[in-house]
$ cat final02.cif   # mmCIF, C-alpha atoms and all ligand atoms
data_protein
loop_
_atom_site.label_atom_id
_atom_site.label_comp_id
_atom_site.auth_asym_id
_atom_site.auth_seq_id
_atom_site.Cartn_x
_atom_site.Cartn_y
_atom_site.Cartn_z
CA MET A 9 9.44 12.04 -5.27
CA PHE A 10 9.17 8.45 -6.60
CA ILE A 11 6.70 5.64 -5.87
CA ASP A 12 7.40 1.92 -6.12
CA SER A 13 4.21 0.61 -7.72
CA HIS A 14 5.13 -3.07 -7.33
CA CYS A 15 7.24 -4.73 -4.65
CA HIS A 16 7.20 -7.82 -2.45
CA ILE A 17 8.68 -6.54 0.80
CA ASN A 18 6.68 -9.12 2.79
CA LEU A 19 8.76 -11.97 1.36
CA SER A 20 11.41 -13.74 3.34
CA GLY A 21 14.85 -12.19 2.92
CA ILE A 22 13.67 -8.60 2.59
CA ALA A 23 10.95 -8.70 5.29
CA GLN A 24 13.57 -9.30 7.97
CA ARG A 25 15.23 -5.98 7.16
CA LEU A 26 11.98 -4.00 6.85
CA PRO A 27 12.97 -1.08 9.16
CA ASP A 28 16.13 -0.55 7.10
CA VAL A 29 14.19 -0.95 3.82
CA LEU A 30 11.72 1.76 4.93
CA GLU A 31 14.54 4.04 6.06
CA GLN A 32 16.27 3.69 2.69
CA MET A 33 13.02 4.61 0.98
CA GLN A 34 12.90 7.81 2.99
CA ILE A 35 16.56 8.66 2.32
CA ASN A 36 15.96 8.19 -1.42
CA SER A 37 12.69 10.17 -1.51
CA VAL A 38 10.60 7.10 -2.31
CA THR A 39 7.35 8.22 -0.75
CA HIS A 40 5.04 5.20 -1.17
CA ALA A 41 5.10 1.54 -2.20
CA LEU A 42 2.52 -1.04 -3.22
CA CYS A 43 3.21 -4.44 -1.68
CA VAL A 44 1.79 -6.97 -4.13
CA SER A 45 0.20 -10.27 -3.13
CA ILE A 46 1.38 -13.46 -4.87
CA ASP A 47 -0.80 -16.05 -3.08
CA LEU A 48 -3.45 -16.34 -0.39
CA ASP A 49 -1.12 -17.95 2.16
CA THR A 50 1.22 -14.95 2.24
CA PHE A 51 -1.52 -12.32 1.78
CA PRO A 52 -1.81 -11.76 5.57
CA SER A 53 1.85 -10.70 5.66
CA VAL A 54 1.17 -8.19 2.85
CA LEU A 55 -1.80 -6.77 4.75
CA LYS A 56 0.14 -6.62 8.02
CA ILE A 57 2.80 -4.34 6.52
CA ALA A 58 0.18 -2.16 4.82
CA HIS A 59 -1.68 -1.76 8.11
CA ALA A 60 1.50 -0.91 9.99
CA TYR A 61 2.62 1.88 7.64
CA PRO A 62 0.41 4.57 6.12
CA HIS A 63 2.61 4.91 3.00
CA ILE A 64 2.54 1.19 2.12
CA PHE A 65 -0.47 -0.23 0.21
CA ALA A 66 -1.57 -3.80 -0.50
CA SER A 67 -3.11 -5.86 -3.30
CA VAL A 68 -4.77 -9.28 -3.19
CA GLY A 69 -4.29 -12.03 -5.74
CA VAL A 70 -2.62 -15.28 -6.77
CA HIS A 71 0.30 -15.19 -9.23
CA PRO A 72 -0.20 -17.19 -12.47
CA ASP A 73 3.02 -19.19 -11.93
CA TYR A 74 1.88 -21.07 -8.84
CA GLU A 75 0.19 -24.30 -9.88
CA HIS A 76 -0.27 -25.59 -6.35
CA ALA A 77 -1.37 -22.32 -4.72
CA ARG A 78 -4.80 -22.39 -3.12
CA GLU A 79 -7.19 -21.33 -5.88
CA PRO A 80 -9.21 -18.19 -5.08
CA ASP A 81 -12.78 -17.78 -6.22
CA VAL A 82 -14.37 -14.47 -7.13
CA ASP A 83 -16.22 -14.12 -3.80
CA GLU A 84 -13.12 -14.69 -1.70
CA LEU A 85 -11.13 -12.09 -3.66
CA ILE A 86 -14.02 -9.62 -3.34
CA SER A 87 -14.20 -10.18 0.39
CA LEU A 88 -10.41 -9.85 0.93
CA ALA A 89 -10.39 -6.70 -1.20
CA GLN A 90 -12.81 -4.96 1.19
CA ASP A 91 -9.89 -3.92 3.39
CA PRO A 92 -9.32 -0.18 2.80
CA LYS A 93 -5.55 -0.70 2.35
CA VAL A 94 -6.17 -3.14 -0.53
CA ILE A 95 -6.04 -0.87 -3.59
CA ALA A 96 -5.73 -3.45 -6.39
CA ILE A 97 -6.43 -7.01 -7.52
CA GLY A 98 -3.37 -9.08 -8.45
CA GLU A 99 -0.86 -9.90 -9.34
CA THR A 100 -2.60 -11.96 -11.94
CA GLY A 101 -2.19 -12.65 -15.64
CA LEU A 102 -0.56 -15.27 -17.82
CA ASP A 103 2.99 -16.61 -17.89
CA TYR A 104 3.84 -19.09 -20.64
CA TYR A 105 7.60 -18.73 -20.23
CA GLN A 106 7.97 -22.22 -18.76
CA LEU A 107 5.95 -23.83 -21.56
CA LYS A 108 8.93 -23.90 -23.91
CA GLY A 109 7.08 -25.44 -26.84
CA ARG A 110 4.69 -27.64 -24.80
CA THR A 111 0.96 -27.25 -25.26
CA LEU A 112 -1.05 -25.07 -22.96
CA ASP A 113 -2.89 -27.88 -21.13
CA VAL A 114 0.12 -28.27 -18.81
CA MET A 115 -0.81 -24.84 -17.44
CA ALA A 116 -4.56 -25.25 -17.58
CA TRP A 117 -5.12 -23.34 -14.32
CA GLN A 118 -3.77 -20.06 -15.63
CA GLN A 119 -6.57 -18.75 -17.83
CA PRO A 120 -9.51 -19.52 -15.46
CA ARG A 121 -7.52 -18.02 -12.55
CA PHE A 122 -6.89 -14.88 -14.60
CA ARG A 123 -10.59 -14.57 -15.46
CA THR A 124 -11.50 -14.95 -11.77
CA HIS A 125 -9.25 -12.00 -10.89
CA ILE A 126 -10.71 -9.78 -13.63
CA GLN A 127 -14.24 -10.59 -12.44
CA ALA A 128 -13.29 -9.73 -8.85
CA ALA A 129 -11.72 -6.48 -10.00
CA ARG A 130 -14.87 -5.49 -11.85
CA ALA A 131 -17.05 -6.41 -8.87
CA THR A 132 -14.95 -4.31 -6.46
CA GLY A 133 -14.08 -1.49 -8.87
CA LYS A 134 -10.41 -1.95 -8.02
CA PRO A 135 -7.78 -1.91 -10.79
CA LEU A 136 -5.77 -4.95 -11.87
CA ILE A 137 -2.05 -5.67 -11.58
CA ILE A 138 -1.23 -7.83 -14.60
CA HIS A 139 1.79 -10.08 -15.01
CA MET A 140 2.31 -10.98 -18.67
CA ARG A 141 5.23 -13.07 -19.86
CA SER A 142 5.50 -14.83 -23.22
CA ALA A 143 1.69 -14.68 -23.38
CA ALA A 144 0.77 -11.27 -24.77
CA LYS A 145 -1.84 -12.46 -27.26
CA ASP A 146 -3.89 -14.52 -24.79
CA THR A 147 -3.48 -11.92 -22.02
CA LEU A 148 -4.85 -9.11 -24.18
CA ARG A 149 -7.64 -11.34 -25.51
CA ILE A 150 -8.83 -12.39 -22.04
CA MET A 151 -8.62 -8.79 -20.79
CA GLN A 152 -10.89 -7.87 -23.68
CA GLU A 153 -13.30 -10.79 -23.19
CA GLU A 154 -13.67 -10.12 -19.46
CA GLY A 155 -13.98 -6.35 -19.80
CA ALA A 156 -10.81 -5.46 -17.88
CA ALA A 157 -10.88 -1.97 -19.41
CA GLU A 158 -13.80 -1.11 -17.12
CA VAL A 159 -11.48 -1.03 -14.07
CA GLY A 160 -8.12 -0.59 -15.83
CA GLY A 161 -4.87 -1.33 -14.12
CA VAL A 162 -1.20 -1.79 -14.80
CA MET A 163 0.88 -4.06 -17.01
CA HIS A 164 3.62 -4.66 -14.49
CA CYS A 165 7.31 -5.16 -15.33
CA PHE A 166 6.56 -4.51 -18.99
CA THR A 167 8.93 -6.28 -21.42
CA GLU A 168 6.81 -6.72 -24.54
CA THR A 169 6.67 -4.87 -27.87
CA TRP A 170 5.36 -1.40 -28.60
CA ASP A 171 2.36 -2.94 -30.35
CA VAL A 172 1.47 -4.81 -27.16
CA ALA A 173 2.00 -1.64 -25.11
CA GLN A 174 -0.38 0.25 -27.39
CA ALA A 175 -3.00 -2.51 -27.13
CA ALA A 176 -2.78 -2.33 -23.32
CA LEU A 177 -2.98 1.48 -23.36
CA THR A 178 -6.10 1.21 -25.51
CA GLN A 179 -7.64 -1.06 -22.86
CA ASN A 180 -7.23 1.65 -20.21
CA PHE A 181 -4.02 0.20 -18.72
CA PHE A 182 -0.82 1.84 -17.51
CA ILE A 183 2.67 0.58 -18.39
CA SER A 184 5.05 -0.02 -15.50
CA LEU A 185 8.82 -0.14 -16.00
CA SER A 186 11.09 -2.16 -13.72
CA GLY A 187 14.88 -2.14 -13.33
CA ILE A 188 15.14 -4.17 -16.53
CA VAL A 189 14.96 -0.86 -18.42
CA THR A 190 18.39 0.06 -16.99
CA PHE A 191 20.08 -3.07 -18.35
CA LYS A 192 22.54 -2.46 -21.18
CA ASN A 193 20.87 -4.91 -23.57
CA ALA A 194 17.34 -3.57 -22.91
CA ILE A 195 17.31 -1.38 -26.03
CA LYS A 196 13.76 -2.45 -26.97
CA ILE A 197 12.30 -1.56 -23.56
CA GLN A 198 14.24 1.70 -23.50
CA GLU A 199 12.57 2.67 -26.78
CA ILE A 200 9.17 1.89 -25.25
CA ALA A 201 10.10 3.88 -22.13
CA LYS A 202 10.51 6.92 -24.36
CA LYS A 203 7.19 6.41 -26.17
CA VAL A 204 4.64 5.61 -23.44
CA PRO A 205 2.62 8.79 -22.76
CA LEU A 206 3.89 10.34 -19.53
CA GLU A 207 0.40 10.27 -18.01
CA ARG A 208 0.23 6.45 -18.42
CA LEU A 209 3.65 5.52 -17.01
CA LEU A 210 4.46 3.89 -13.66
CA LEU A 211 7.73 2.76 -12.07
CA GLU A 212 8.42 -0.31 -9.96
CA THR A 213 11.21 -2.41 -8.51
CA ASP A 214 9.50 -5.84 -8.29
CA SER A 215 11.87 -6.17 -5.32
CA PRO A 216 13.42 -8.35 -3.97
CA TYR A 217 13.86 -9.43 -7.61
CA LEU A 218 15.36 -7.60 -10.59
CA ALA A 219 17.71 -5.02 -9.06
CA PRO A 220 18.50 -2.15 -11.47
CA ILE A 221 21.97 -1.06 -12.54
CA PRO A 222 24.20 -0.45 -10.47
CA TYR A 223 22.84 -3.16 -8.15
CA ARG A 224 22.11 -5.83 -10.77
CA GLY A 225 22.41 -9.35 -9.29
CA LYS A 226 22.02 -8.06 -5.71
CA PRO A 227 18.80 -8.07 -3.65
CA ASN A 228 16.49 -5.31 -4.80
CA GLU A 229 14.48 -2.93 -2.60
CA PRO A 230 11.93 -0.12 -3.10
CA ALA A 231 14.55 2.64 -2.57
CA TYR A 232 16.12 1.65 -5.89
CA VAL A 233 13.08 2.85 -7.82
CA SER A 234 14.85 6.23 -7.66
CA HIS A 235 17.59 4.81 -9.94
CA ILE A 236 14.97 3.57 -12.38
CA GLY A 237 13.21 6.94 -12.30
CA ARG A 238 16.38 8.92 -12.93
CA PHE A 239 17.35 6.57 -15.76
CA VAL A 240 13.95 6.86 -17.46
CA ALA A 241 13.93 10.65 -17.01
CA GLN A 242 17.29 10.83 -18.77
CA LEU A 243 16.03 8.61 -21.60
CA ARG A 244 13.06 10.90 -22.11
CA GLY A 245 15.16 14.06 -21.78
CA ILE A 246 13.21 15.46 -18.83
CA GLU A 247 14.09 16.29 -15.23
CA ALA A 248 13.87 13.48 -12.70
CA GLU A 249 11.56 15.70 -10.62
CA GLN A 250 9.12 15.99 -13.50
CA LEU A 251 9.08 12.23 -14.08
CA GLY A 252 8.71 11.60 -10.35
CA ALA A 253 5.79 14.02 -10.05
CA ALA A 254 4.03 12.59 -13.11
CA THR A 255 4.43 8.92 -12.19
CA SER A 256 3.39 9.63 -8.60
CA ALA A 257 0.26 11.46 -9.78
CA ASN A 258 -0.45 8.49 -12.08
CA PHE A 259 -0.18 6.09 -9.16
CA PHE A 260 -2.70 8.06 -7.07
CA ARG A 261 -5.07 8.45 -10.00
CA LEU A 262 -4.98 4.79 -11.09
CA PHE A 263 -5.40 3.39 -7.58
CA ARG A 264 -8.00 6.04 -6.61
CA ILE A 265 -6.01 7.30 -3.60
CA ARG A 266 -7.22 10.67 -2.52
CA SER A 267 -4.81 11.87 0.17
CA LYS A 268 -1.07 11.74 -0.26
ZN ZN B 1 5.73 -9.20 -8.73
#
$ encode --input "final02.cif" --output "structure tokens"
Amino acid sequence: MFIDSHCHINLSGIAQRLPDVLEQMQINSVTHALCVSIDLDTFPSVLKIAHAYPHIFASVGVHPDYEHAREPDVDELISLAQDPKVIAIGETGLDYYQLKGRTLDVMAWQQPRFRTHIQAARATGKPLIIHMRSAAKDTLRIMQEEGAAEVGGVMHCFTETWDVAQAALTQNFFISLSGIVTFKNAIKIQEIAKKVPLERLLLETDSPYLAPIPYRGKPNEPAYVSHIGRFVAQLRGIEAEQLGAATSANFFRLFRIRSK
């Protein structure tokens, strides 16, 4: 009934319990998951899981936070994205959270790396998975400058304002809600969760990070996207089944997946 549009089940800690993680997905009616790449060194482990299980998909990309990660160029991303299980480019984007008042030149790699990913997405026709933290203005500007709207994608783990959400929606992007929406103090995101058009909404765990209530502080896993889905359905005053069906259809439409 639900799909986890963003998880990292290849990472150490959760990867060791993969059979259990997949069983819990089944028990909780979580039908599919997208295992998202964070760098080129661990990309083979993402691909390996996606190849082993028909209901797990992969992306390819290098996270903006990793200064010392091997830098991809457009051609390498295009070539890695040729694998049929790779359905998206990312995660990419901008993250100025660590800047804390310093000027941007201490993170000079971020913007060129982001542009590289958008160019690869346009060349392959595959949508983008965008990580945006404390950098909404520059993220939206670079998306615009590079023509990200042509392929679209998802603003993952969305925690920005409604204005930013609208700007992303205008650029052909979906809004994905993580377990943060279930936190008691997440009033602002809960308001956004009610407003995003149902046909542009996705759900994710970002596991093993960010476990939703009632698991906050514990390791997260894709099965818990069912808690997020039920919570968001309640916020919007609709049945969980309706939200599950809509967000699942959105996932297949965005990532151009024909068969379920
Ligand atoms: Zn992530």
$ closest_residue --input "final02.cif" --among "A:Ile197, A:Gln127, A:Leu209, A:Ser45" --to "ligand ZN 1 (chain B)" --atoms "all atoms listed in the file"
A:Ser45
$ residues_around --input "final02.cif" --residues "region 255-258 of chain A" --least-positions-apart "4" --cutoff "8 Å" --atoms "all atoms listed in the file" --output "list in words"
Met9, Phe10, Ile11, Leu206, Glu207, Arg208, Leu209, Leu210, Leu211, Leu251 and Leu262 of chain A
$ residues_near_ligand --input "final02.cif" --ligand "ligand ZN 1 (chain B)" --cutoff "8 Å" --atoms "all atoms listed in the file" --output "PDB file with C-alpha atoms, keeping the file's coordinate frame"
ATOM      1  CA  HIS A  14       5.130  -3.070  -7.330  1.00  0.00           C
ATOM      2  CA  CYS A  15       7.240  -4.730  -4.650  1.00  0.00           C
ATOM      3  CA  HIS A  16       7.200  -7.820  -2.450  1.00  0.00           C
ATOM      4  CA  VAL A  44       1.790  -6.970  -4.130  1.00  0.00           C
ATOM      5  CA  SER A  45       0.200 -10.270  -3.130  1.00  0.00           C
ATOM      6  CA  ILE A  46       1.380 -13.460  -4.870  1.00  0.00           C
ATOM      7  CA  GLU A  99      -0.860  -9.900  -9.340  1.00  0.00           C
ATOM      8  CA  HIS A 139       1.790 -10.080 -15.010  1.00  0.00           C
ATOM      9  CA  HIS A 164       3.620  -4.660 -14.490  1.00  0.00           C
ATOM     10  CA  CYS A 165       7.310  -5.160 -15.330  1.00  0.00           C
ATOM     11  CA  ASP A 214       9.500  -5.840  -8.290  1.00  0.00           C
ATOM     12  CA  SER A 215      11.870  -6.170  -5.320  1.00  0.00           C
TER      13      SER A 215
END
$ residues_around --input "final02.cif" --residues "Ile126 (chain A)" --least-positions-apart "5" --cutoff "8 Å" --atoms "only C-alpha atoms" --output "list in words"
Ile97, Leu136, Met151, Glu154, Gly155 and Ala156 of chain A
$ closest_residue --input "final02.cif" --among "A:Ala131, A:Ala144, A:Val162, A:Leu243" --to "Tyr105 (chain A)" --atoms "all atoms listed in the file"
A:Ala144
$ closest_residue --input "final02.cif" --among "A:Arg25, A:Lys93, A:Arg141, A:His59" --to "Glu168 (chain A)" --atoms "only C-alpha atoms"
A:Arg141
$ residues_around --input "final02.cif" --residues "Ala129 (chain A)" --least-positions-apart "3" --cutoff "10 Å" --atoms "all atoms listed in the file" --output "number ranges by chain"
A: 82, 85-86, 89, 96-98, 123-126, 132-137, 156, 158-161
$ residues_around --input "final02.cif" --residues "region 231-239 of chain A" --least-positions-apart "4" --cutoff "7 Å" --atoms "only C-alpha atoms" --output "MDAnalysis selection string"
chainID A and resid 10 12 32:33 36 38 187 190 211:213 220 243 248 251:252
$ atom_distance --input "final02.cif" --atom1 "CA of Arg130 (chain A)" --atom2 "CA of Asp103 (chain A)"
21.9 Å
$ decode --input "final02.cif" --residues "region 81-186 of chain A" --atoms "C-alpha atoms" --output "tab-separated table (two decimals), in the first residue's frame"
chain	number	residue	atom	x	y	z
A	81	ASP	CA	31.44	14.07	-14.04
A	82	VAL	CA	28.41	14.18	-16.29
A	83	ASP	CA	29.59	11.29	-18.50
A	84	GLU	CA	30.22	8.95	-15.59
A	85	LEU	CA	26.77	9.62	-14.11
A	86	ILE	CA	25.17	9.07	-17.53
A	87	SER	CA	27.00	5.79	-17.94
A	88	LEU	CA	26.14	4.51	-14.43
A	89	ALA	CA	22.51	5.53	-14.96
A	90	GLN	CA	22.20	3.18	-17.97
A	91	ASP	CA	21.43	0.29	-15.63
A	92	PRO	CA	17.67	-0.42	-15.93
A	93	LYS	CA	17.26	-0.51	-12.12
A	94	VAL	CA	18.64	3.04	-11.83
A	95	ILE	CA	15.49	5.18	-11.95
A	96	ALA	CA	16.83	8.54	-10.73
A	97	ILE	CA	19.86	10.82	-10.42
A	98	GLY	CA	20.83	11.79	-6.87
A	99	GLU	CA	20.80	12.43	-4.15
A	100	THR	CA	22.14	15.80	-5.07
A	101	GLY	CA	21.43	19.40	-4.12
A	102	LEU	CA	22.77	21.96	-1.68
A	103	ASP	CA	23.28	21.81	2.08
A	104	TYR	CA	24.45	24.99	3.78
A	105	TYR	CA	23.53	23.83	7.28
A	106	GLN	CA	27.16	23.47	8.33
A	107	LEU	CA	28.08	26.94	7.07
A	108	LYS	CA	26.75	28.63	10.20
A	109	GLY	CA	27.53	32.18	9.09
A	110	ARG	CA	30.72	31.38	7.12
A	111	THR	CA	30.93	32.35	3.47
A	112	LEU	CA	30.12	29.88	0.77
A	113	ASP	CA	33.68	29.37	-0.51
A	114	VAL	CA	34.24	26.79	2.25
A	115	MET	CA	31.74	24.61	0.38
A	116	ALA	CA	32.81	25.53	-3.13
A	117	TRP	CA	32.28	21.99	-4.46
A	118	GLN	CA	28.55	21.97	-3.83
A	119	GLN	CA	27.14	24.11	-6.63
A	120	PRO	CA	29.24	22.66	-9.51
A	121	ARG	CA	28.47	19.13	-8.27
A	122	PHE	CA	24.75	19.95	-8.21
A	123	ARG	CA	24.90	21.31	-11.77
A	124	THR	CA	26.70	18.15	-12.93
A	125	HIS	CA	23.84	16.02	-11.57
A	126	ILE	CA	21.15	18.14	-13.25
A	127	GLN	CA	23.00	17.92	-16.57
A	128	ALA	CA	23.25	14.13	-16.23
A	129	ALA	CA	19.56	13.91	-15.39
A	130	ARG	CA	18.64	15.90	-18.49
A	131	ALA	CA	20.93	13.79	-20.67
A	132	THR	CA	19.41	10.51	-19.40
A	133	GLY	CA	15.83	11.73	-19.01
A	134	LYS	CA	15.81	10.43	-15.44
A	135	PRO	CA	14.31	12.54	-12.63
A	136	LEU	CA	16.35	14.14	-9.84
A	137	ILE	CA	16.38	13.42	-6.11
A	138	ILE	CA	17.17	16.76	-4.48
A	139	HIS	CA	18.50	17.31	-0.97
A	140	MET	CA	17.98	20.92	0.12
A	141	ARG	CA	18.91	22.16	3.57
A	142	SER	CA	19.32	25.79	4.61
A	143	ALA	CA	19.89	26.57	0.91
A	144	ALA	CA	16.45	26.98	-0.67
A	145	LYS	CA	17.21	30.14	-2.64
A	146	ASP	CA	20.36	28.83	-4.37
A	147	THR	CA	18.83	25.37	-4.89
A	148	LEU	CA	15.78	26.75	-6.68
A	149	ARG	CA	17.92	29.18	-8.68
A	150	ILE	CA	20.31	26.48	-9.93
A	151	MET	CA	17.38	24.16	-10.73
A	152	GLN	CA	16.00	26.97	-12.86
A	153	GLU	CA	19.32	27.85	-14.51
A	154	GLU	CA	20.05	24.23	-15.41
A	155	GLY	CA	16.54	23.43	-16.60
A	156	ALA	CA	15.75	20.80	-13.96
A	157	ALA	CA	12.03	21.16	-14.73
A	158	GLU	CA	12.60	19.27	-17.98
A	159	VAL	CA	13.11	15.99	-16.08
A	160	GLY	CA	11.44	16.90	-12.76
A	161	GLY	CA	12.07	14.95	-9.63
A	162	VAL	CA	11.54	15.08	-5.90
A	163	MET	CA	12.46	17.48	-3.12
A	164	HIS	CA	13.34	14.82	-0.59
A	165	CYS	CA	12.78	15.10	3.18
A	166	PHE	CA	11.08	18.45	2.67
A	167	THR	CA	11.42	20.85	5.64
A	168	GLU	CA	11.17	24.28	4.02
A	169	THR	CA	8.36	26.85	3.78
A	170	TRP	CA	5.17	26.68	1.74
A	171	ASP	CA	6.58	29.33	-0.60
A	172	VAL	CA	9.57	27.08	-1.33
A	173	ALA	CA	7.25	24.10	-1.80
A	174	GLN	CA	5.20	26.06	-4.33
A	175	ALA	CA	8.34	27.14	-6.20
A	176	ALA	CA	9.44	23.49	-6.43
A	177	LEU	CA	5.96	22.38	-7.55
A	178	THR	CA	6.09	25.03	-10.27
A	179	GLN	CA	9.38	23.53	-11.47
A	180	ASN	CA	7.72	20.14	-12.01
A	181	PHE	CA	8.93	18.63	-8.71
A	182	PHE	CA	7.20	16.42	-6.15
A	183	ILE	CA	7.38	17.01	-2.39
A	184	SER	CA	8.45	14.07	-0.23
A	185	LEU	CA	7.65	13.90	3.48
A	186	SER	CA	9.83	12.00	5.92
